[in-house]
Structure formats: structure tokens, C-alpha cells
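For reference, entry_12.cif (mmCIF, C-alpha atoms):
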data_coords
loop_
_atom_site.group_PDB
_atom_site.id
_atom_site.type_symbol
_atom_site.label_atom_id
_atom_site.label_comp_id
_atom_site.auth_asym_id
_atom_site.auth_seq_id
_atom_site.Cartn_x
_atom_site.Cartn_y
_atom_site.Cartn_z
ATOM 1 C CA MET A 1 0.000 0.000 0.000
ATOM 2 C CA ALA A 2 1.879 3.000 -1.284
ATOM 3 C CA GLY A 3 0.776 6.616 -1.083
ATOM 4 C CA HIS A 4 2.182 8.160 2.057
ATOM 5 C CA ASP A 5 4.778 10.866 1.504
ATOM 6 C CA GLU A 6 6.829 10.036 4.579
ATOM 7 C CA ALA A 7 7.645 7.071 6.789
ATOM 8 C CA VAL A 8 4.728 4.987 8.066
ATOM 9 C CA TRP A 9 5.065 4.581 11.817
ATOM 10 C CA SER A 10 2.045 2.519 12.648
ATOM 11 C CA ALA A 11 -0.406 0.190 10.933
ATOM 12 C CA ALA A 12 -3.441 -1.643 12.270
ATOM 13 C CA PHE A 13 -6.166 -3.934 10.990
ATOM 14 C CA SER A 14 -9.773 -3.025 11.682
ATOM 15 C CA PRO A 15 -11.449 -5.567 13.988
ATOM 16 C CA ASP A 16 -13.357 -7.087 11.040
ATOM 17 C CA GLY A 17 -10.127 -7.379 9.052
ATOM 18 C CA LYS A 18 -11.503 -5.496 6.045
ATOM 19 C CA ARG A 19 -9.488 -2.328 6.449
ATOM 20 C CA VAL A 20 -6.035 -1.249 7.401
ATOM 21 C CA ALA A 21 -5.242 2.131 8.921
ATOM 22 C CA THR A 22 -1.796 3.684 8.691
ATOM 23 C CA ALA A 23 -0.196 6.650 10.454
ATOM 24 C CA SER A 24 2.631 8.594 8.896
ATOM 25 C CA ASP A 25 5.125 11.371 9.356
ATOM 26 C CA ASP A 26 3.322 13.079 6.452
ATOM 27 C CA LYS A 27 0.718 14.163 9.088
ATOM 28 C CA THR A 28 -2.010 12.001 7.605
ATOM 29 C CA VAL A 29 -3.840 8.886 8.643
ATOM 30 C CA ARG A 30 -5.041 6.725 5.786
ATOM 31 C CA LEU A 31 -7.574 3.963 5.505
ATOM 32 C CA TRP A 32 -6.963 1.191 3.007
ATOM 33 C CA ASP A 33 -8.986 -1.692 1.636
ATOM 34 C CA ALA A 34 -7.219 -4.749 3.054
ATOM 35 C CA GLU A 35 -8.321 -6.854 0.085
ATOM 36 C CA ASN A 36 -6.991 -4.813 -2.820
ATOM 37 C CA GLY A 37 -4.732 -2.279 -1.115
ATOM 38 C CA LYS A 38 -6.629 0.746 -2.442
ATOM 39 C CA GLU A 39 -6.627 3.962 -0.441
ATOM 40 C CA LEU A 40 -10.163 4.568 0.802
ATOM 41 C CA ARG A 41 -9.774 7.719 2.848
ATOM 42 C CA ARG A 42 -7.245 10.296 3.913
ATOM 43 C CA LEU A 43 -7.677 11.728 7.401
ATOM 44 C CA VAL A 44 -6.127 15.163 7.704
ATOM 45 C CA GLY A 45 -5.909 17.163 10.919
ATOM 46 C CA HIS A 46 -2.727 16.453 12.814
ATOM 47 C CA PHE A 47 -0.248 19.313 12.787
ATOM 48 C CA SER A 48 2.780 17.063 12.707
ATOM 49 C CA GLY A 49 3.765 13.461 12.198
ATOM 50 C CA VAL A 50 1.332 10.757 13.281
ATOM 51 C CA ARG A 51 3.067 8.000 15.183
ATOM 52 C CA THR A 52 0.464 5.588 16.460
ATOM 53 C CA ILE A 53 -2.984 4.391 15.557
ATOM 54 C CA VAL A 54 -5.457 1.891 16.961
ATOM 55 C CA PHE A 55 -9.062 0.926 16.213
ATOM 56 C CA LEU A 56 -11.478 0.909 19.121
ATOM 57 C CA PRO A 57 -12.769 -2.656 19.588
ATOM 58 C CA ASP A 58 -16.111 -1.901 17.911
ATOM 59 C CA GLY A 59 -14.317 -0.700 14.777
ATOM 60 C CA ARG A 60 -16.292 2.543 14.519
ATOM 61 C CA VAL A 61 -13.739 4.961 15.896
ATOM 62 C CA LEU A 62 -10.067 5.296 15.123
ATOM 63 C CA PRO A 63 -7.868 7.214 17.559
ATOM 64 C CA SER A 64 -4.514 8.463 16.307
ATOM 65 C CA ALA A 65 -1.722 10.291 18.072
ATOM 66 C CA GLY A 66 1.603 11.803 17.290
ATOM 67 C CA GLN A 67 4.129 14.543 17.460
ATOM 68 C CA ASP A 68 1.590 17.326 17.986
ATOM 69 C CA GLY A 69 0.781 15.831 21.385
ATOM 70 C CA THR A 70 -2.888 15.258 20.636
ATOM 71 C CA ILE A 71 -5.022 12.172 20.283
ATOM 72 C CA ARG A 72 -7.541 12.652 17.498
ATOM 73 C CA LEU A 73 -10.659 10.556 17.142
ATOM 74 C CA TRP A 74 -11.839 9.724 13.649
ATOM 75 C CA GLU A 75 -15.155 8.301 12.598
ATOM 76 C CA VAL A 76 -14.197 5.363 10.402
ATOM 77 C CA VAL A 77 -17.287 5.280 8.183
ATOM 78 C CA ASN A 78 -16.932 8.823 6.838
ATOM 79 C CA GLY A 79 -13.523 10.074 7.954
ATOM 80 C CA THR A 80 -14.956 12.854 10.108
ATOM 81 C CA GLU A 81 -12.765 14.099 12.935
ATOM 82 C CA LEU A 82 -14.868 13.824 16.068
ATOM 83 C CA GLY A 83 -12.489 15.735 18.252
ATOM 84 C CA GLU A 84 -9.174 15.708 20.021
ATOM 85 C CA LEU A 85 -7.913 14.770 23.448
ATOM 86 C CA ILE A 86 -5.016 16.477 25.145
ATOM 87 C CA SER A 87 -3.292 15.622 28.366
ATOM 88 C CA PHE A 88 -1.014 18.246 29.820
ATOM 89 C CA LYS A 89 2.192 17.691 31.682
ATOM 90 C CA ASP A 90 0.673 18.832 34.975
ATOM 91 C CA GLY A 91 -1.968 16.112 34.744
ATOM 92 C CA SER A 92 -4.797 18.332 33.539
ATOM 93 C CA TRP A 93 -6.645 17.379 30.388
ATOM 94 C CA ALA A 94 -9.003 18.668 27.756
ATOM 95 C CA ALA A 95 -11.323 17.189 25.148
ATOM 96 C CA ILE A 96 -12.309 19.377 22.222
ATOM 97 C CA ALA A 97 -14.973 18.552 19.659
ATOM 98 C CA ALA A 98 -14.680 19.639 16.053
ATOM 99 C CA ASP A 99 -17.560 22.097 16.592
ATOM 100 C CA GLY A 100 -15.842 23.869 19.508
ATOM 101 C CA ARG A 101 -17.556 22.170 22.400
ATOM 102 C CA TYR A 102 -15.059 21.293 25.072
ATOM 103 C CA ASP A 103 -14.589 19.525 28.349
ATOM 104 C CA ALA A 104 -11.600 19.994 30.620
ATOM 105 C CA SER A 105 -10.371 19.148 34.078
ATOM 106 C CA ASP A 106 -10.717 22.866 34.822
ATOM 107 C CA PRO A 107 -13.284 24.323 32.403
ATOM 108 C CA ASP A 108 -12.522 27.915 33.456
ATOM 109 C CA HIS A 109 -8.806 28.054 33.154
ATOM 110 C CA GLN A 110 -6.439 25.811 31.275
ATOM 111 C CA PRO A 111 -3.024 27.251 30.500
ATOM 112 C CA GLY A 112 -2.357 26.944 26.799
ATOM 113 C CA LEU A 113 -5.980 26.655 25.784
ATOM 114 C CA HIS A 114 -7.873 29.700 24.587
ATOM 115 C CA TRP A 115 -10.266 30.980 21.953
ATOM 116 C CA VAL A 116 -9.304 32.876 18.860
ATOM 117 C CA ILE A 117 -12.123 35.064 17.535
ATOM 118 C CA GLY A 118 -10.911 36.812 14.418
ATOM 119 C CA ASN A 119 -7.642 38.321 15.576
ATOM 120 C CA GLU A 120 -8.665 38.448 19.186
ATOM 121 C CA VAL A 121 -7.545 35.997 21.811
ATOM 122 C CA ALA A 122 -10.151 35.220 24.461
ATOM 123 C CA ALA A 123 -9.849 33.355 27.729
ATOM 124 C CA LEU A 124 -11.325 29.885 27.952
ATOM 125 C CA ALA A 125 -13.976 30.937 30.466
ATOM 126 C CA ARG A 126 -15.382 33.619 28.196
ATOM 127 C CA LEU A 127 -17.289 31.239 25.956
ATOM 128 C CA LYS A 128 -17.801 28.622 28.603
ATOM 129 C CA SER A 129 -21.551 29.101 28.782
ATOM 130 C CA SER A 130 -21.887 28.272 25.083
ATOM 131 C CA TYR A 131 -19.347 25.531 24.631
ATOM 132 C CA TYR A 132 -18.500 23.815 27.893
ATOM 133 C CA THR A 133 -19.913 20.299 27.652
ATOM 134 C CA PRO A 134 -19.360 17.981 30.602
ATOM 135 C CA ASP A 135 -18.747 14.367 29.652
ATOM 136 C CA LEU A 136 -18.063 15.443 26.081
ATOM 137 C CA LEU A 137 -16.056 12.369 25.133
ATOM 138 C CA HIS A 138 -18.877 9.971 25.920
ATOM 139 C CA LYS A 139 -21.351 12.200 24.116
ATOM 140 C CA LEU A 140 -19.164 12.211 21.009
ATOM 141 C CA LEU A 141 -18.762 8.458 20.990
ATOM 142 C CA GLU A 142 -22.479 7.887 21.536
ATOM 143 C CA LEU A 143 -23.305 9.820 18.389
ATOM 144 C CA VAL A 144 -21.240 7.613 16.136
ATOM 145 C CA PRO A 145 -23.616 5.417 14.100
ATOM 146 C CA GLY A 146 -23.856 1.895 15.389
ATOM 147 C CA GLY A 147 -23.236 3.040 18.943
ATOM 148 C CA LYS A 148 -25.169 1.856 21.912
ATOM 149 C CA MET B 1 -10.365 26.708 20.047
ATOM 150 C CA VAL B 2 -6.620 26.840 19.873
ATOM 151 C CA LEU B 3 -3.943 24.981 21.684
ATOM 152 C CA ASP B 4 -0.910 27.223 21.757
ATOM 153 C CA ARG B 5 1.573 24.823 23.189
ATOM 154 C CA SER B 6 2.507 21.340 22.301
ATOM 155 C CA ASP B 7 3.476 18.865 24.908
ATOM 156 C CA ALA B 8 5.681 15.916 24.156
ATOM 157 C CA GLY B 9 4.635 13.885 21.142
ATOM 158 C CA ILE B 10 2.790 10.632 21.629
ATOM 159 C CA ASP B 11 4.465 7.497 20.353
ATOM 160 C CA HIS B 12 2.163 4.779 21.515
ATOM 161 C CA LEU B 13 -1.548 4.385 22.143
ATOM 162 C CA CYS B 14 -2.720 1.566 24.360
ATOM 163 C CA LEU B 15 -6.389 0.864 25.009
ATOM 164 C CA LEU B 16 -7.324 0.622 28.646
ATOM 165 C CA GLY B 17 -10.584 0.132 30.477
ATOM 166 C CA LEU B 18 -12.587 -0.815 27.422
ATOM 167 C CA GLY B 19 -14.283 -3.830 28.914
ATOM 168 C CA ALA B 20 -17.727 -2.697 27.800
ATOM 169 C CA GLY B 21 -16.472 -2.049 24.273
ATOM 170 C CA GLU B 22 -15.198 -5.561 23.706
ATOM 171 C CA GLN B 23 -18.423 -6.498 21.981
ATOM 172 C CA SER B 24 -18.332 -6.568 18.247
ATOM 173 C CA PRO B 25 -20.952 -4.526 16.339
ATOM 174 C CA ASN B 26 -23.070 -7.578 15.583
ATOM 175 C CA GLY B 27 -23.392 -8.330 19.252
ATOM 176 C CA ASP B 28 -21.354 -11.451 19.733
ATOM 177 C CA ALA B 29 -19.332 -10.589 22.757
ATOM 178 C CA ALA B 30 -15.722 -11.567 22.731
ATOM 179 C CA ALA B 31 -15.178 -14.189 25.380
ATOM 180 C CA PRO B 32 -13.526 -12.614 28.380
ATOM 181 C CA ARG B 33 -9.938 -13.697 28.564
ATOM 182 C CA PRO B 34 -7.618 -13.480 31.485
ATOM 183 C CA ASP B 35 -4.968 -12.188 29.133
ATOM 184 C CA ALA B 36 -7.224 -9.598 27.480
ATOM 185 C CA ALA B 37 -5.736 -6.741 29.467
ATOM 186 C CA PRO B 38 -3.692 -4.488 27.231
ATOM 187 C CA VAL B 39 -0.040 -5.256 27.485
ATOM 188 C CA GLN B 40 2.273 -2.312 27.833
ATOM 189 C CA PRO B 41 5.422 -2.780 25.792
ATOM 190 C CA GLU B 42 7.516 -2.561 28.918
ATOM 191 C CA ASP B 43 5.769 -5.572 30.421
ATOM 192 C CA VAL B 44 6.592 -7.863 27.545
ATOM 193 C CA PRO B 45 9.736 -9.918 27.747
ATOM 194 C CA ARG B 46 11.879 -8.777 24.908
ATOM 195 C CA VAL B 47 13.292 -11.064 22.340
ATOM 196 C CA THR B 48 16.684 -9.724 21.510
ATOM 197 C CA PRO B 49 17.906 -10.177 17.973
ATOM 198 C CA VAL B 50 20.485 -12.894 17.720
ATOM 199 C CA GLU B 51 23.000 -10.651 16.069
ATOM 200 C CA GLY B 52 23.880 -7.087 16.848
ATOM 201 C CA ASN B 53 23.490 -5.181 20.052
ATOM 202 C CA VAL B 54 20.501 -4.357 22.185
ATOM 203 C CA PRO B 55 17.627 -3.121 20.007
ATOM 204 C CA ALA B 56 17.032 0.579 20.415
ATOM 205 C CA VAL B 57 13.329 0.286 19.742
ATOM 206 C CA CYS B 58 11.134 -2.704 20.329
ATOM 207 C CA ARG B 59 7.393 -2.614 19.892
ATOM 208 C CA PRO B 60 5.878 -6.021 20.306
ATOM 209 C CA THR B 61 2.422 -6.779 19.105
ATOM 210 C CA HIS B 62 0.323 -9.667 20.313
ATOM 211 C CA THR B 63 -2.353 -11.796 18.796
ATOM 212 C CA ALA B 64 -5.557 -12.050 20.766
ATOM 213 C CA ASP B 65 -4.587 -15.354 22.317
ATOM 214 C CA SER B 66 -1.017 -14.286 23.009
ATOM 215 C CA THR B 67 0.422 -17.410 21.468
ATOM 216 C CA THR B 68 2.142 -15.650 18.620
ATOM 217 C CA ARG B 69 3.999 -12.442 18.715
ATOM 218 C CA GLY B 70 5.239 -10.054 16.087
ATOM 219 C CA ASP B 71 8.289 -8.028 16.778
ATOM 220 C CA ILE B 72 10.582 -5.552 15.187
ATOM 221 C CA GLY B 73 13.971 -4.585 16.327
ATOM 222 C CA HIS B 74 16.211 -1.774 15.270
ATOM 223 C CA ARG B 75 19.704 -2.976 15.483
ATOM 224 C CA THR B 76 22.462 -0.588 16.143
ATOM 225 C CA GLY B 77 23.736 0.906 12.957
ATOM 226 C CA ALA B 78 21.167 -0.571 10.605
ATOM 227 C CA GLN B 79 17.411 -0.677 10.708
ATOM 228 C CA ASP B 80 16.038 -4.092 10.110
ATOM 229 C CA LYS B 81 13.981 -4.418 6.939
ATOM 230 C CA SER B 82 12.104 -7.422 8.238
ATOM 231 C CA ALA B 83 9.637 -8.195 10.981
ATOM 232 C CA VAL B 84 9.724 -11.405 12.912
ATOM 233 C CA VAL B 85 6.838 -13.499 14.192
ATOM 234 C CA TRP B 86 7.803 -15.280 17.388
ATOM 235 C CA ASN B 87 6.194 -18.075 19.323
ATOM 236 C CA GLY B 88 4.948 -16.379 22.481
ATOM 237 C CA ASP B 89 5.778 -19.361 24.686
ATOM 238 C CA ASP B 90 9.377 -20.093 23.940
ATOM 239 C CA GLY B 91 10.495 -17.148 21.816
ATOM 240 C CA ARG B 92 11.163 -19.367 18.837
ATOM 241 C CA GLU B 93 11.280 -17.535 15.519
ATOM 242 C CA LEU B 94 8.332 -18.737 13.434
ATOM 243 C CA LYS B 95 8.554 -16.524 10.410
ATOM 244 C CA ARG B 96 10.521 -13.627 9.061
ATOM 245 C CA LEU B 97 8.415 -11.145 7.106
ATOM 246 C CA GLU B 98 10.306 -9.577 4.252
ATOM 247 C CA GLY B 99 9.161 -7.007 1.741
ATOM 248 C CA GLN B 100 9.753 -3.579 3.202
ATOM 249 C CA THR B 101 12.642 -1.896 1.453
ATOM 250 C CA ALA B 102 13.661 0.151 4.485
ATOM 251 C CA GLY B 103 13.419 -0.206 8.259
ATOM 252 C CA VAL B 104 10.196 -1.649 9.651
ATOM 253 C CA LEU B 105 8.435 0.565 12.199
ATOM 254 C CA SER B 106 5.211 -1.285 12.848
ATOM 255 C CA VAL B 107 3.779 -4.762 12.670
ATOM 256 C CA ALA B 108 0.239 -5.823 13.546
ATOM 257 C CA PHE B 109 -1.901 -8.934 13.236
ATOM 258 C CA SER B 110 -5.429 -9.179 11.959
ATOM 259 C CA LYS B 111 -7.792 -10.377 14.667
ATOM 260 C CA ASP B 112 -8.092 -13.841 13.102
ATOM 261 C CA VAL B 113 -4.274 -14.071 12.906
ATOM 262 C CA THR B 114 -4.325 -14.976 9.218
ATOM 263 C CA ARG B 115 -2.612 -11.790 8.107
ATOM 264 C CA VAL B 116 0.077 -9.421 9.266
ATOM 265 C CA VAL B 117 0.609 -5.834 8.209
ATOM 266 C CA THR B 118 4.038 -4.238 8.270
ATOM 267 C CA ALA B 119 4.881 -0.572 7.727
ATOM 268 C CA GLY B 120 8.021 1.449 7.748
ATOM 269 C CA PHE B 121 10.496 3.988 6.536
ATOM 270 C CA ASP B 122 9.923 3.117 2.871
ATOM 271 C CA LYS B 123 6.554 4.977 3.143
ATOM 272 C CA THR B 124 4.540 1.855 2.449
ATOM 273 C CA ALA B 125 2.525 -0.722 4.337
ATOM 274 C CA ARG B 126 2.339 -4.339 3.280
ATOM 275 C CA ILE B 127 -0.177 -7.013 4.117
ATOM 276 C CA LEU B 128 1.250 -10.480 4.298
ATOM 277 C CA GLY B 129 -0.973 -13.518 4.456
ATOM 278 C CA PRO B 130 -2.315 -16.415 2.403
ATOM 279 C CA ARG B 131 -4.072 -14.174 -0.093
ATOM 280 C CA GLN B 132 -1.152 -11.820 -0.555
ATOM 281 C CA ARG B 133 1.588 -14.385 -0.601
ATOM 282 C CA LYS B 134 1.911 -14.383 -4.384
ATOM 283 C CA ARG B 135 1.953 -10.624 -4.547
ATOM 284 C CA ALA B 136 4.585 -10.377 -1.849
ATOM 285 C CA ALA B 137 6.662 -12.927 -3.705
ATOM 286 C CA ALA B 138 6.302 -10.892 -6.876
ATOM 287 C CA VAL B 139 7.886 -7.937 -5.140
ATOM 288 C CA GLY B 140 10.886 -10.187 -4.887
ATOM 289 C CA ARG B 141 13.903 -10.168 -2.731
ATOM 290 C CA PRO B 142 17.119 -8.504 -3.695
#
Serialized structure, C-alpha cells:
Amino acid sequence: MAGHDEAVWSAAFSPDGKRVATASDDKTVRLWDAENGKELRRLVGHFSGVRTIVFLPDGRVLPSAGQDGTIRLWEVVNGTELGELISFKDGSWAAIAADGRYDASDPDHQPGLHWVIGNEVAALARLKSSYYTPDLLHKLLELVPGGK
Amino acid sequence: MVLDRSDAGIDHLCLLGLGAGEQSPNGDAAAPRPDAAPVQPEDVPRVTPVEGNVPAVCRPTHTADSTTRGDIGHRTGAQDKSAVVWNGDDGRELKRLEGQTAGVLSVAFSKDVTRVVTAGFDKTARILGPRQRKRAAAVGRP
């Protein structure tokens, strides 16, 4: 299966064995047909090389992680990025959905996490009332088709 | 939402606490296994390549029943272009998977253990198994 522009650091079979996912230094994750080796989908979102990939046991969601320090969750059936998970060195964490909803260990103040509105930088707490979503990760996973 | 700092990169994802997710989509629950707990690479006894020095990187991958193990080792000075499938019990080498034209970075089994996928520095991934055997042979060895 050729197509990546840089080294491929991780490969995994889907639980049903029909697909293979690969993670590469070219910042992309790709899904391949395990039967004929054709590229089915290109998942773009990581800011730097992707180093590791794994299917969740139900095969619907594909987390990937890499040099940008984030774990991104991809919906396998359509390639949509559900969101990203970040754990900080001090033990705090954040989950951010593609639509801006977020959850965090401290929803009011997380160093390094802020809003950008046009050219303006806004503190996390400023849009909390609109976007803070407790238990966001479970809500995201529940919405994936085929979920319980 | 913007993250303006990047913490250390992530090199390995390991699934933990997914007991409820072990069911397949069509409902047939995977039988609970005592060995189903994810194995951190550090916990796995390493199989050191026969030749060369201590491997700098070693990322074992297990089959579901833990009887067979895939492994890659980077030997000092030269990255290995092959992956090795070991017997999980006695560390015997069962098969050497050739095909990648540069160092192998990843090896993984399909759930039914009939196929293995390797990937690496040559920017490709290769599936090796009964169906692909001819194709892999066609790639040829140097």
C-alpha cells in the first residue's frame, strides 16, 4: 500500500479485518482496503507526524496520536474528525470537539488553551456558557452510528 | 479553540478500560480472557535479535490469544527491513516477514491471525498472508 509521503510509523487492521489504517510522518492517517490495497480515505488534521494508531474494539472509531501531542478521534465510516484529546504535563486534560464544544479538568482556566475570535484571543472561560460540555467524550462516541 | 503549546509527542496508544467495548458490532461478545488486558510494551519480555546489540526500539504486538507475537527490532547501525513473528511461549522464531525496502516501524496482526501488516520507513505498508503471498513474492527479494 503506497501513497504516504513520509515514513509509516504505525499500521493496524480493523477488527473485522476489512481495512487497514496507517499513520505517517506526512501528518495524515489513511484507511486502506485490506483486500486490494486501495486507499479509501485520507484523514487530515494532525499538525505534525502521526506515530500511532489503533481501532477501538467496535471498529467505529479510530484514535490516532503523534508529534503534535494530541489524540484525534476519527469516525471510520466517513472520515470525520470527532475531536481531540489532550493531556497536559501537569496532569490536567481537555477534550475538544470539532464544533468547539469542550470539556476539561478545569473548564474555566487551562493554561495553553484559549479561543481565537478573528484576531482576538479570548480566555477559555469567556465562551464557557456556550461551549462547555461535561462528559463530552462519551457524548461524542455515543453519536457515532452503530453506537449503543 | 486553539492549543498554543505542544506537549511531548505521543508514540504509543494503548487501550485501557474498554471492557464494555469488547463487543463486536453484531453483538457477539468476545469471550472474556484473562490475558485480554492491554499489554504495555515494557511488560513484555523482549526477544533480543540474535546478532547485533541491544535493540534501540522494540514494539511487540500480540495476537488475541497471546500465542504468537510479532516483533521488530532496530539494530544498532542498521534498521532491520524485516519483521519477525515469534512463538509467544518459547520465543522461537516462526517466520521472518520480508518485503519492506527500508526499516520496519510497525507490525500488527489481523484479529483472526491470518494476516500481518508491516509498515516502515519506505513509506509503504504491506499485508502479508495467504491471499497476498503471491503478490509479496512478486515484489521479490534482492
(request) Given the file shown, enumerate the residues that the PyMOL selection byres ((chain A) within 6 of (chain B)) captures and present them as a ChimeraX atom specification. (result) /A:1-2,4,6-10,12-13,17,51-52,57-58,65-69,112-115
(message) Taking (-9.0, 29.8, 29.3) in the coordinates of the supplied file, I want to know which residues reach to within 10 Å of it, counting all atoms listed in the file; could you give the answer as number ranges by chain?
(response) A: 106-115, 121-128; B: 1
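Here CA of Arg101 (chain A) stands at a distance of 20.5 Å from CA of Asn78 (chain A).
CA of Arg72 (chain A) is positioned 21.2 Å from CA of Gly3 (chain A).
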Size and centre in Å, one decimal, axis-aligned box, all listed region 106-125 of chain A atoms plus 6 Å per side, as lines of an AutoDock Vina configuration file:
center_x = -8.2
center_y = 30.7
center_z = 24.6
size_x = 23.6
size_y = 27.6
size_z = 32.4
(request) For CA of Trp32 (chain A) and CA of Lys18 (chain A), determine how far apart the two atoms are, in Å to one decimal place. (result) 8.6 Å
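Compared by their closest atoms to Asp5 (chain A), and using all atoms listed in the file, the residues A:Gly49, A:Val77, A:Glu142, A:Arg41 rank with A:Gly49 nearest.
Minimum atom-to-atom distance to Gly100 (chain A), evaluated using all atoms listed in the file, belongs to A:Tyr132 out of A:Glu81, A:Gly118, A:His46, A:Tyr132.
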(message) Applying the PyMOL selection byres ((chain A and resi 93) around 9) to the file I just gave you, which residues come out? Please list them as a PyMOL selection string.
(response) chain A and resi 85-92+94-95+103-106+110
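Selection result for the displayed file, with the PyMOL selection byres ((chain A and resi 144) around 12) as criterion, is Asp58, Gly59, Arg60, Val61, Leu62, Leu73, Trp74, Glu75, Val76, Val77, Asn78, Gly79, Thr80, Glu81, Leu82, Leu137, His138, Lys139, Leu140, Leu141, Glu142, Leu143, Pro145, Gly146, Gly147 and Lys148 of chain A.
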